[in-house]
>>> print(open('work_8.cif').read())   # mmCIF, C-alpha atoms
data_work
loop_
_atom_site.label_atom_id
_atom_site.label_comp_id
_atom_site.auth_asym_id
_atom_site.auth_seq_id
_atom_site.Cartn_x
_atom_site.Cartn_y
_atom_site.Cartn_z
CA MET A 1 62.80 90.15 111.01
CA ASN A 2 63.25 86.63 109.66
CA LYS A 3 62.90 84.36 112.71
CA ASP A 4 64.40 81.41 110.79
CA VAL A 5 67.76 83.17 111.24
CA LEU A 6 67.52 82.07 114.89
CA ASN A 7 67.40 78.37 113.97
CA THR A 8 70.27 76.40 115.49
CA GLY A 9 71.80 75.43 112.13
CA VAL A 10 71.75 79.01 110.81
CA GLN A 11 73.23 80.39 114.04
CA LYS A 12 75.98 77.74 113.90
CA PHE A 13 76.73 78.73 110.29
CA ILE A 14 76.94 82.45 111.25
CA ASN A 15 79.38 81.78 114.09
CA GLU A 16 81.55 79.47 111.98
CA ASN A 17 81.81 82.01 109.13
CA LEU A 18 82.54 85.27 110.96
CA ARG A 19 85.94 85.44 109.27
CA THR A 20 84.84 84.12 105.88
CA ASP A 21 84.90 86.44 102.86
CA ILE A 22 81.29 87.57 102.35
CA SER A 23 81.38 87.57 98.53
CA SER A 24 82.66 83.99 98.38
CA LEU A 25 80.02 82.99 100.92
CA LEU A 26 77.27 84.38 98.69
CA LEU A 27 78.63 82.49 95.68
CA LYS A 28 78.97 79.13 97.44
CA HIS A 29 75.68 79.13 99.37
CA PRO A 30 72.51 80.62 97.85
CA GLU A 31 70.68 79.75 101.09
CA ILE A 32 71.17 78.00 104.43
CA GLU A 33 68.25 75.99 105.81
CA GLY A 34 65.84 78.03 103.71
CA VAL A 35 67.31 81.41 104.68
CA ASP A 36 68.72 83.60 101.88
CA THR A 37 72.48 83.90 102.34
CA LYS A 38 72.22 87.68 101.76
CA ILE A 39 70.29 87.91 105.04
CA ILE A 40 72.87 85.72 106.77
CA ALA A 41 75.70 87.82 105.33
CA GLU A 42 74.07 90.93 106.84
CA GLN A 43 73.92 89.17 110.21
CA ILE A 44 77.61 88.27 109.98
CA GLN A 45 78.66 91.81 109.07
CA ALA A 46 76.58 93.35 111.86
CA LYS A 47 77.80 90.82 114.43
CA LEU A 48 81.42 91.51 113.51
CA LYS A 49 80.77 95.25 114.01
CA SER A 50 79.49 94.40 117.49
CA LYS A 51 82.53 92.44 118.66
CA LYS A 52 84.39 95.38 120.17
CA LYS A 53 81.54 97.89 120.40
CA LEU A 54 78.90 95.60 121.97
CA PRO A 55 80.71 92.63 123.57
CA THR A 56 77.67 91.56 125.65
CA TRP A 57 75.56 91.24 122.50
CA PHE A 58 78.41 89.56 120.58
CA LYS A 59 78.95 86.92 123.28
CA THR A 60 75.26 86.17 123.86
CA PRO A 61 73.75 83.31 121.76
CA SER A 62 70.66 83.93 119.61
CA ILE A 63 71.03 87.71 119.30
CA TYR A 64 69.33 89.04 116.17
CA TYR A 65 71.25 91.87 114.49
CA PRO A 66 69.84 94.79 112.49
CA THR A 67 71.64 96.33 109.51
CA LYS A 68 75.34 97.16 109.80
CA LEU A 69 74.39 100.88 109.65
CA SER A 70 72.18 100.51 112.74
CA ILE A 71 75.13 99.00 114.62
CA GLU A 72 77.38 101.85 113.50
CA GLN A 73 74.85 104.44 114.72
CA THR A 74 74.12 102.85 118.09
CA SER A 75 75.84 103.75 121.36
CA SER A 76 78.74 101.57 122.46
CA GLU A 77 78.41 99.62 125.69
CA ASN A 78 81.05 101.85 127.32
CA THR A 79 79.10 105.03 126.64
CA ALA A 80 75.69 103.45 127.40
CA LEU A 81 76.97 102.24 130.77
CA TYR A 82 78.25 105.74 131.54
CA LYS A 83 74.93 107.35 130.52
CA SER A 84 72.95 104.99 132.71
CA SER A 85 74.95 106.04 135.78
CA LEU A 86 73.72 109.65 135.43
CA ILE A 87 70.02 109.06 136.09
CA GLN A 88 67.70 106.73 137.99
CA GLY A 89 64.06 106.44 139.03
CA ASN A 90 60.83 104.56 138.38
CA THR A 91 60.05 105.23 134.70
CA LEU A 92 62.14 106.30 131.70
CA PHE A 93 60.93 106.97 128.16
CA ASP A 94 63.55 106.27 125.48
CA LEU A 95 61.95 108.20 122.61
CA THR A 96 64.53 107.18 119.97
CA GLY A 97 65.15 103.59 121.01
CA GLY A 98 66.99 102.18 117.98
CA PHE A 99 68.82 98.89 118.60
CA GLY A 100 68.19 99.32 122.32
CA VAL A 101 71.67 99.46 123.84
CA ASP A 102 70.91 102.59 125.88
CA SER A 103 67.51 101.23 126.99
CA TYR A 104 69.15 98.00 128.15
CA TYR A 105 71.50 99.87 130.50
CA PHE A 106 68.87 102.40 131.64
CA ALA A 107 66.72 99.41 132.65
CA LYS A 108 69.28 98.54 135.32
CA TYR A 109 68.58 101.88 137.06
CA PHE A 110 64.83 102.26 136.39
CA LYS A 111 61.92 100.03 137.36
CA GLU A 112 60.39 100.45 133.89
CA VAL A 113 61.76 101.59 130.52
CA ILE A 114 59.56 102.33 127.51
CA HIS A 115 61.54 101.82 124.29
CA CYS A 116 59.99 103.76 121.36
CA GLU A 117 61.19 102.99 117.84
CA ILE A 118 59.30 104.04 114.71
CA ASN A 119 60.94 101.30 112.60
CA HIS A 120 58.75 98.25 113.25
CA GLU A 121 61.41 95.68 112.39
CA LEU A 122 64.02 97.37 114.57
CA SER A 123 61.50 97.52 117.43
CA GLN A 124 60.82 93.81 116.99
CA ILE A 125 64.56 93.05 116.95
CA ALA A 126 65.16 95.06 120.13
CA GLN A 127 62.26 93.31 121.90
CA HIS A 128 63.63 89.87 120.97
CA ASN A 129 67.13 90.77 122.18
CA PHE A 130 65.90 92.18 125.51
CA LYS A 131 64.27 88.79 126.19
CA VAL A 132 67.45 86.94 125.22
CA LEU A 133 69.48 89.25 127.48
CA LYS A 134 66.94 88.63 130.30
CA GLN A 135 66.12 92.33 130.73
CA HIS A 136 62.39 92.03 131.30
CA ASN A 137 61.48 95.53 132.50
CA ILE A 138 61.62 97.09 129.02
CA SER A 139 58.42 97.57 127.01
CA CYS A 140 58.85 98.08 123.26
CA GLN A 141 56.51 100.41 121.37
CA ALA A 142 56.77 100.52 117.56
CA VAL A 143 55.78 104.19 117.37
CA ASP A 144 57.21 107.66 116.83
CA GLY A 145 58.51 108.66 120.26
CA MET A 146 57.11 112.20 120.08
CA LYS A 147 53.64 110.89 119.18
CA PHE A 148 53.84 108.39 122.02
CA LEU A 149 54.63 111.26 124.39
CA GLU A 150 51.40 113.10 123.49
CA HIS A 151 49.24 110.51 125.25
CA ALA A 152 51.72 109.17 127.82
CA ASN A 153 51.63 109.79 131.55
CA LYS A 154 54.56 111.53 133.22
CA ALA A 155 57.93 109.78 133.59
CA ASP A 156 60.91 110.44 135.84
CA CYS A 157 63.19 110.86 132.85
CA ILE A 158 63.06 111.17 129.07
CA TYR A 159 66.01 110.17 126.90
CA LEU A 160 66.39 110.97 123.23
CA ASP A 161 69.04 110.88 120.56
CA PRO A 162 67.81 113.21 117.77
CA SER A 163 68.53 112.08 114.22
CA ARG A 164 71.52 113.84 112.72
CA ARG A 165 70.36 113.38 109.11
CA ASP A 166 68.24 115.87 107.18
CA HIS A 167 65.51 114.99 104.65
CA THR A 168 68.18 114.35 101.97
CA LYS A 169 70.06 111.97 104.36
CA LYS A 170 72.88 114.49 104.64
CA LYS A 171 74.67 114.62 108.01
CA VAL A 172 73.87 117.61 110.23
CA PHE A 173 74.95 118.52 113.77
CA LEU A 174 73.36 121.84 114.75
CA LEU A 175 70.64 121.28 117.36
CA GLN A 176 68.09 123.14 115.21
CA ASP A 177 68.81 120.88 112.20
CA CYS A 178 68.34 117.59 114.06
CA THR A 179 65.03 115.72 114.40
CA PRO A 180 63.40 116.30 116.81
CA ASP A 181 64.63 119.86 117.42
CA ILE A 182 65.45 120.01 121.12
CA THR A 183 65.67 123.84 121.06
CA GLU A 184 61.92 123.95 120.35
CA LEU A 185 60.83 120.95 122.41
CA HIS A 186 62.71 121.20 125.72
CA GLU A 187 59.84 122.95 127.55
CA ARG A 188 57.31 120.41 126.29
CA LEU A 189 59.57 117.54 127.36
CA LEU A 190 60.01 118.99 130.86
CA LYS A 191 56.23 118.95 131.30
CA LYS A 192 56.37 115.17 130.88
CA ALA A 193 59.50 114.48 132.98
CA SER A 194 61.56 116.35 135.56
CA THR A 195 64.80 115.29 133.83
CA VAL A 196 65.62 115.07 130.13
CA LEU A 197 68.85 113.53 128.83
CA VAL A 198 69.76 114.30 125.22
CA LYS A 199 72.59 112.83 123.18
CA VAL A 200 73.93 115.37 120.66
CA SER A 201 76.80 115.55 118.19
CA PRO A 202 80.28 116.08 119.68
CA LEU A 203 80.57 118.91 117.14
CA VAL A 204 77.93 121.01 118.94
CA ASP A 205 79.28 124.30 120.30
CA ILE A 206 78.89 124.25 124.08
CA SER A 207 78.25 127.98 124.52
CA LYS A 208 75.59 127.94 121.78
CA ALA A 209 73.89 124.90 123.31
CA ILE A 210 73.66 126.70 126.67
CA ALA A 211 72.23 129.78 124.96
CA ASP A 212 69.73 127.78 122.86
CA VAL A 213 68.49 125.39 125.56
CA PRO A 214 67.77 126.89 128.99
CA ASN A 215 67.91 124.65 132.06
CA ILE A 216 70.93 122.61 131.01
CA ASN A 217 72.25 121.45 134.38
CA GLU A 218 75.14 119.39 133.06
CA ILE A 219 77.00 118.81 129.82
CA HIS A 220 78.97 115.57 129.59
CA ILE A 221 81.68 115.16 126.96
CA VAL A 222 82.36 111.43 126.76
CA ALA A 223 85.55 110.09 125.18
CA VAL A 224 86.62 106.46 124.88
CA ASP A 225 90.37 105.86 124.65
CA ASN A 226 90.86 109.60 124.00
CA GLN A 227 88.34 109.79 121.14
CA VAL A 228 85.27 111.93 121.83
CA LYS A 229 82.23 109.77 121.08
CA GLU A 230 79.25 111.61 122.59
CA MET A 231 78.03 114.82 124.12
CA LEU A 232 75.14 114.62 126.58
CA LEU A 233 72.86 117.43 127.74
CA LEU A 234 71.22 116.85 131.12
CA ILE A 235 68.23 119.20 131.26
CA SER A 236 66.18 119.75 134.39
CA SER A 237 63.39 121.96 135.65
CA ARG A 238 65.76 122.81 138.53
CA THR A 239 67.91 125.75 137.48
CA SER A 240 71.60 125.86 138.36
CA ASN A 241 74.96 126.87 136.93
CA THR A 242 75.80 124.48 134.09
CA LYS A 243 78.45 121.93 135.04
CA ILE A 244 80.80 120.67 132.35
CA LYS A 245 82.09 117.13 132.83
CA ALA A 246 84.90 115.95 130.56
CA VAL A 247 85.15 112.16 130.77
CA ASN A 248 87.68 109.81 129.20
CA ILE A 249 86.89 106.09 129.55
CA LYS A 250 89.99 103.87 129.50
CA ASP A 251 89.70 100.12 130.10
CA ASN A 252 88.30 99.92 133.65
CA THR A 253 89.13 103.50 134.67
CA ILE A 254 87.51 106.88 134.02
CA ASP A 255 89.33 110.22 134.00
CA GLU A 256 87.00 113.08 134.96
CA PHE A 257 87.51 116.83 134.88
CA ILE A 258 84.57 118.86 136.21
CA PHE A 259 84.00 122.61 136.32
CA GLU A 260 81.20 125.14 136.11
CA TYR A 261 80.77 126.87 132.78
CA THR A 262 80.76 130.34 134.40
CA GLN A 263 84.03 129.60 136.22
CA GLU A 264 85.90 129.31 132.93
CA GLN A 265 84.66 132.77 131.95
CA GLN A 266 85.72 134.34 135.24
CA ILE A 267 89.30 133.10 135.78
CA GLN A 268 92.56 133.50 133.90
CA ALA A 269 95.37 131.03 133.26
CA ILE A 270 98.99 131.82 134.13
CA TYR A 271 101.39 131.73 131.18
CA SER A 272 105.00 130.63 130.93
CA GLN A 273 107.73 129.46 128.59
CA PRO A 274 108.21 125.66 128.55
CA LEU A 275 109.66 124.46 131.87
CA THR A 276 110.61 120.84 132.72
CA TYR A 277 107.41 118.95 131.90
CA LEU A 278 104.77 119.32 129.20
CA TYR A 279 101.10 118.27 129.49
CA GLU A 280 98.56 117.66 126.73
CA PRO A 281 94.92 117.40 127.94
CA ASN A 282 92.81 114.49 126.74
CA SER A 283 90.34 115.03 123.91
CA ALA A 284 87.31 115.39 126.22
CA ILE A 285 88.96 118.29 128.08
CA LEU A 286 90.00 119.92 124.80
CA LYS A 287 86.36 119.75 123.65
CA SER A 288 85.10 121.09 126.99
CA GLY A 289 86.88 124.42 126.56
CA GLY A 290 88.00 124.48 130.22
CA PHE A 291 91.48 125.73 129.35
CA HIS A 292 91.84 128.31 132.13
CA MET A 293 90.35 125.87 134.65
CA VAL A 294 93.00 123.26 133.79
CA SER A 295 95.74 125.78 134.57
CA VAL A 296 94.19 126.83 137.89
CA HIS A 297 93.01 123.38 139.04
CA TYR A 298 96.32 121.62 138.41
CA ASN A 299 98.54 124.65 139.14
CA LEU A 300 100.08 124.47 135.68
CA LYS A 301 101.34 127.24 133.42
CA LYS A 302 99.86 127.58 129.93
CA LEU A 303 102.12 128.15 126.92
CA HIS A 304 99.79 130.61 125.16
CA ALA A 305 96.11 131.63 125.25
CA SER A 306 95.43 129.56 122.10
CA THR A 307 98.07 126.87 122.67
CA HIS A 308 96.35 124.29 124.83
CA LEU A 309 99.53 122.81 126.27
CA TYR A 310 100.67 123.19 129.86
CA THR A 311 104.01 123.10 131.67
CA SER A 312 105.51 122.75 135.15
CA ASP A 313 108.79 122.19 136.97
CA SER A 314 107.45 119.19 138.93
CA ALA A 315 105.68 116.16 137.47
CA ILE A 316 102.00 115.71 138.47
CA GLU A 317 99.21 113.24 137.75
CA PHE A 318 97.18 114.60 134.83
CA PRO A 319 94.15 113.56 132.69
CA GLY A 320 96.06 113.43 129.41
CA ARG A 321 99.57 112.80 128.15
CA ARG A 322 102.69 113.82 130.10
CA PHE A 323 106.13 114.50 128.66
CA LEU A 324 109.63 115.33 129.82
CA ILE A 325 110.99 118.28 127.85
CA LYS A 326 114.38 117.53 126.30
CA GLN A 327 114.90 120.64 124.19
CA VAL A 328 113.10 123.77 123.00
CA LEU A 329 114.06 125.07 119.55
CA PRO A 330 112.99 128.24 117.76
CA TYR A 331 111.18 127.68 114.48
CA ASN A 332 113.84 129.39 112.34
CA LYS A 333 116.76 128.36 110.11
CA GLN A 334 118.95 127.42 113.04
CA GLY A 335 116.21 125.46 114.77
CA LEU A 336 115.17 123.71 111.54
CA LYS A 337 118.74 122.56 110.99
CA LYS A 338 118.77 120.85 114.39
CA LEU A 339 115.32 119.35 113.83
CA LYS A 340 116.43 117.75 110.56
CA ALA A 341 118.87 115.67 112.60
CA LEU A 342 115.87 113.73 113.90
CA ASP A 343 115.26 110.59 111.85
CA LYS A 344 111.95 109.66 113.52
CA ALA A 345 109.50 111.51 115.72
CA ASN A 346 105.82 111.74 116.67
CA ILE A 347 104.73 115.21 115.59
CA THR A 348 101.83 117.27 116.98
CA THR A 349 100.85 120.85 116.16
CA ARG A 350 99.03 123.22 118.52
CA ASN A 351 98.30 126.81 117.48
CA PHE A 352 100.81 126.54 114.63
CA PRO A 353 100.44 127.66 110.99
CA LEU A 354 101.69 124.42 109.36
CA LYS A 355 100.06 121.00 109.48
CA VAL A 356 101.85 117.79 110.45
CA ASP A 357 102.14 116.47 106.86
CA LYS A 358 103.73 119.72 105.68
CA LEU A 359 106.24 119.65 108.56
CA ARG A 360 107.17 116.02 107.85
CA SER A 361 107.75 116.86 104.21
CA GLN A 362 109.81 119.93 105.12
CA LEU A 363 111.95 118.20 107.75
CA LYS A 364 112.10 114.68 106.26
CA ILE A 365 111.18 113.18 109.65
CA LYS A 366 109.56 109.72 109.63
CA ASP A 367 106.66 108.88 111.92
CA GLY A 368 107.37 106.92 115.11
CA GLY A 369 110.20 106.56 117.58
CA THR A 370 110.47 107.74 121.19
CA ASP A 371 110.67 111.49 120.52
CA TYR A 372 107.50 113.61 120.60
CA VAL A 373 107.81 117.03 118.98
CA PHE A 374 105.20 119.73 119.61
CA PHE A 375 105.19 122.61 117.14
CA CYS A 376 103.35 125.48 118.78
CA THR A 377 103.23 129.17 119.73
CA ASP A 378 104.77 130.21 123.06
CA SER A 379 103.74 132.89 125.56
CA THR A 380 105.61 135.61 123.62
CA GLY A 381 103.91 134.69 120.33
CA ALA A 382 107.04 133.02 118.92
CA LYS A 383 106.84 129.76 116.96
CA ILE A 384 108.76 126.94 118.66
CA ALA A 385 109.39 123.20 118.54
CA VAL A 386 109.35 121.41 121.90
CA ILE A 387 111.19 118.08 121.76
CA THR A 388 110.00 115.68 124.46
CA GLU A 389 109.84 112.07 125.54
CA LYS A 390 106.73 110.46 127.00
CA ILE A 391 106.57 109.78 130.73
#
>>> encode(input="work_8.cif", output="structure tokens")
Amino acid sequence: MNKDVLNTGVQKFINENLRTDISSLLLKHPEIEGVDTKIIAEQIQAKLKSKKKLPTWFKTPSIYYPTKLSIEQTSSENTALYKSSLIQGNTLFDLTGGFGVDSYYFAKYFKEVIHCEINHELSQIAQHNFKVLKQHNISCQAVDGMKFLEHANKADCIYLDPSRRDHTKKKVFLLQDCTPDITELHERLLKKASTVLVKVSPLVDISKAIADVPNINEIHIVAVDNQVKEMLLLISSRTSNTKIKAVNIKDNTIDEFIFEYTQEQQIQAIYSQPLTYLYEPNSAILKSGGFHMVSVHYNLKKLHASTHLYTSDSAIEFPGRRFLIKQVLPYNKQGLKKLKALDKANITTRNFPLKVDKLRSQLKIKDGGTDYVFFCTDSTGAKIAVITEKI
């Protein structure tokens, strides 16, 4: 960490050149007030990455930024704020502290947060930023979190975000392939805290996670603007049926769909041909696997066991997209002829053999417009095209 970056003149230069081409900046200025412009360029790139993802950091003067990669890997403020609302108490250990976004928000719900980060420079950066952000109840330890835990007293909660890179830096997502391996360590962690919160890849299979890690009380699938960003495992020494919470954060609102994992296994959806309205669940619900629960909870009919679209005769509020059905066409020569009359349409496939690009090429339909066409399989197993308009 080069503290000269925090000098007033250097900070002024960074803020005035956020939109300047980096390569031209490097050519024109070998250094600014004794600081190598390569270092300043890294600060500019990382700060730009933070503008939308970390607005509090972006707007706060004298923040020191790590590498652009560290910013890409850190939690967003939206997801960190959500995580922090799940737990509270006296002491929390953040065993994989990183840039410190999660620790910052946890510190608003805990009296003390210990931020562990094995990278000494990143630990130093986080410590500086916590002071700038006036969050004074966070203690930074430049150590391996698991080694810190060996000699630490008990905490109310432990948080960790296992590394999803193997020894060759290749991306991995299976719990057993991440470091540390939560499937081996969960019992050890529960001896040090009554609650453990683990951030895992959104690609993790929910049923396998429940089988591999006993005592998962809750699984949170967190989407932002309909893009799944995180999956969280809330592990506790208190046993209970695992709750699945599908969350979609939109501006200042949160859509939530909550069910027990065993409920989904025990109930059955009702099926129907397309009626008057069509519903597409948000991405968090689609990841949650609560497809029968959606049908039962909202009193909607499902188009097919593997077609995760729903229908009704009356419009309802729904955590996803809603459409008015204009026409249902069979996917055959006659139906294709009528579809080719569409000049523009937004195309989606659900449980259908062809991909969107192939369908566009086949039908010569441009992207866009007010029509939304869903190519899918209906309750009889037939392939259909449902032409709709968004409500």
>>> closest_atom_pairs(input="work_8.cif", of="range 218-238 of chain A", to="range 320-328 of chain A", cutoff="12 Å", atoms="all atoms listed in the file", output="CSV")
residue,atom,partner,partner_atom,distance
A:Ala223,CA,A:Gly320,CA,11.8
A:Asp225,CA,A:Gly320,CA,10.6
A:Asn226,CA,A:Gly320,CA,8.4
A:Gln227,CA,A:Gly320,CA,11.9
>>> closest_atom_pairs(input="work_8.cif", of="range 293-342 of chain A", to="range 229-250 of chain A", cutoff="12 Å", atoms="only C-alpha atoms", output="CSV")
residue,atom,partner,partner_atom,distance
A:Met293,CA,A:Ile244,CA,11.1
A:Val294,CA,A:Ala246,CA,11.4
A:Pro319,CA,A:Asn248,CA,8.3
A:Gly320,CA,A:Asn248,CA,9.1
>>> resolve_selection(input="work_8.cif", expression="the PyMOL selection byres ((chain A and resi 172-189) around 7)", output="ChimeraX atom specification")
/A:162-166,170-171,190-193,201,203-204,212-213
>>> resolve_selection(input="work_8.cif", expression="the PyMOL selection byres ((chain A and resi 56-61) around 12)", output="CSV table (one decimal) with C-alpha atoms, in the coordinates of the input")
chain,number,residue,atom,x,y,z
A,6,LEU,CA,67.5,82.1,114.9
A,7,ASN,CA,67.4,78.4,114.0
A,8,THR,CA,70.3,76.4,115.5
A,10,VAL,CA,71.8,79.0,110.8
A,11,GLN,CA,73.2,80.4,114.0
A,12,LYS,CA,76.0,77.7,113.9
A,14,ILE,CA,76.9,82.4,111.2
A,15,ASN,CA,79.4,81.8,114.1
A,18,LEU,CA,82.5,85.3,111.0
A,43,GLN,CA,73.9,89.2,110.2
A,44,ILE,CA,77.6,88.3,110.0
A,45,GLN,CA,78.7,91.8,109.1
A,46,ALA,CA,76.6,93.4,111.9
A,47,LYS,CA,77.8,90.8,114.4
A,48,LEU,CA,81.4,91.5,113.5
A,49,LYS,CA,80.8,95.2,114.0
A,50,SER,CA,79.5,94.4,117.5
A,51,LYS,CA,82.5,92.4,118.7
A,52,LYS,CA,84.4,95.4,120.2
A,53,LYS,CA,81.5,97.9,120.4
A,54,LEU,CA,78.9,95.6,122.0
A,55,PRO,CA,80.7,92.6,123.6
A,62,SER,CA,70.7,83.9,119.6
A,63,ILE,CA,71.0,87.7,119.3
A,64,TYR,CA,69.3,89.0,116.2
A,65,TYR,CA,71.2,91.9,114.5
A,71,ILE,CA,75.1,99.0,114.6
A,76,SER,CA,78.7,101.6,122.5
A,77,GLU,CA,78.4,99.6,125.7
A,78,ASN,CA,81.0,101.8,127.3
A,81,LEU,CA,77.0,102.2,130.8
A,99,PHE,CA,68.8,98.9,118.6
A,100,GLY,CA,68.2,99.3,122.3
A,101,VAL,CA,71.7,99.5,123.8
A,104,TYR,CA,69.2,98.0,128.2
A,105,TYR,CA,71.5,99.9,130.5
A,126,ALA,CA,65.2,95.1,120.1
A,129,ASN,CA,67.1,90.8,122.2
A,130,PHE,CA,65.9,92.2,125.5
A,131,LYS,CA,64.3,88.8,126.2
A,132,VAL,CA,67.4,86.9,125.2
A,133,LEU,CA,69.5,89.2,127.5
A,134,LYS,CA,66.9,88.6,130.3
>>> closest_residue(input="work_8.cif", among="A:Ser272, A:Ser295, A:Lys358, A:Lys333", to="Ser379 in chain A", atoms="only C-alpha atoms")
A:Ser272
>>> resolve_selection(input="work_8.cif", expression="the PyMOL selection byres ((chain A and resi 343) around 8)", output="compact mmCIF listing (two decimals) with C-alpha atoms, in the coordinates of the input")
# COMPACT_ATOMS: atom_id res chain seq x y z
CA LYS A 340 116.43 117.75 110.56
CA ALA A 341 118.87 115.67 112.60
CA LEU A 342 115.87 113.73 113.90
CA LYS A 344 111.95 109.66 113.52
CA ALA A 345 109.50 111.51 115.72
CA LYS A 364 112.10 114.68 106.26
CA ILE A 365 111.18 113.18 109.65
CA LYS A 366 109.56 109.72 109.63
>>> atom_distance(input="work_8.cif", atom1="CA of Lys111 in chain A", atom2="CA of Ser84 in chain A")
13.0 Å
>>> closest_residue(input="work_8.cif", among="A:Ala107, A:Leu95, A:Val373, A:Met1", to="Gly145 in chain A", atoms="only C-alpha atoms")
A:Leu95
>>> closest_residue(input="work_8.cif", among="A:Asn299, A:Ser312, A:Asn217, A:Thr276", to="Ser194 in chain A", atoms="all atoms listed in the file")
A:Asn217
>>> closest_residue(input="work_8.cif", among="A:Ser288, A:Gln141, A:Asn153, A:Gln135", to="His120 in chain A", atoms="only C-alpha atoms")
A:Gln141
>>> closest_residue(input="work_8.cif", among="A:Glu31, A:Glu218, A:Glu112, A:Asp357", to="Phe13 in chain A", atoms="only C-alpha atoms")
A:Glu31
>>> residues_near_point(input="work_8.cif", point="(96.9, 133.8, 136.7)", cutoff="12 Å", atoms="all atoms listed in the file", output="list of chain:residue names")
A:Gln266, A:Ile267, A:Gln268, A:Ala269, A:Ile270, A:Tyr271, A:Ser272, A:His292, A:Met293, A:Val294, A:Ser295, A:Val296, A:His297, A:Asn299, A:Leu300, A:Lys301, A:Lys302, A:Ala305
>>> write_last_selection(input="work_8.cif", atoms="C-alpha atoms", output="PDB file, keeping the file's coordinate frame")
ATOM      1  CA  GLN A 266      85.720 134.340 135.240  1.00  0.00           C
ATOM      2  CA  ILE A 267      89.300 133.100 135.780  1.00  0.00           C
ATOM      3  CA  GLN A 268      92.560 133.500 133.900  1.00  0.00           C
ATOM      4  CA  ALA A 269      95.370 131.030 133.260  1.00  0.00           C
ATOM      5  CA  ILE A 270      98.990 131.820 134.130  1.00  0.00           C
ATOM      6  CA  TYR A 271     101.390 131.730 131.180  1.00  0.00           C
ATOM      7  CA  SER A 272     105.000 130.630 130.930  1.00  0.00           C
ATOM      8  CA  HIS A 292      91.840 128.310 132.130  1.00  0.00           C
ATOM      9  CA  MET A 293      90.350 125.870 134.650  1.00  0.00           C
ATOM     10  CA  VAL A 294      93.000 123.260 133.790  1.00  0.00           C
ATOM     11  CA  SER A 295      95.740 125.780 134.570  1.00  0.00           C
ATOM     12  CA  VAL A 296      94.190 126.830 137.890  1.00  0.00           C
ATOM     13  CA  HIS A 297      93.010 123.380 139.040  1.00  0.00           C
ATOM     14  CA  ASN A 299      98.540 124.650 139.140  1.00  0.00           C
ATOM     15  CA  LEU A 300     100.080 124.470 135.680  1.00  0.00           C
ATOM     16  CA  LYS A 301     101.340 127.240 133.420  1.00  0.00           C
ATOM     17  CA  LYS A 302      99.860 127.580 129.930  1.00  0.00           C
ATOM     18  CA  ALA A 305      96.110 131.630 125.250  1.00  0.00           C
TER      19      ALA A 305
END
>>> atom_distance(input="work_8.cif", atom1="CA of Ala284 in chain A", atom2="CA of Leu309 in chain A")
14.3 Å
>>> closest_residue(input="work_8.cif", among="A:Phe291, A:Lys338, A:Val113, A:Pro66", to="Gln263 in chain A", atoms="all atoms listed in the file")
A:Phe291
>>> axis_aligned_box(input="work_8.cif", around="range 219-237 of chain A", padding_each_side="4 Å", output="JSON")
{"center_x": 77.1, "center_y": 113.9, "center_z": 128.4, "size_x": 35.5, "size_y": 24.1, "size_z": 22.6}
>>> atom_distance(input="work_8.cif", atom1="CA of Phe110 in chain A", atom2="CA of Gly97 in chain A")
15.4 Å
>>> residues_near_point(input="work_8.cif", point="(56.1, 106.1, 118.0)", cutoff="7 Å", atoms="all atoms listed in the file", output="count of residues only")
11
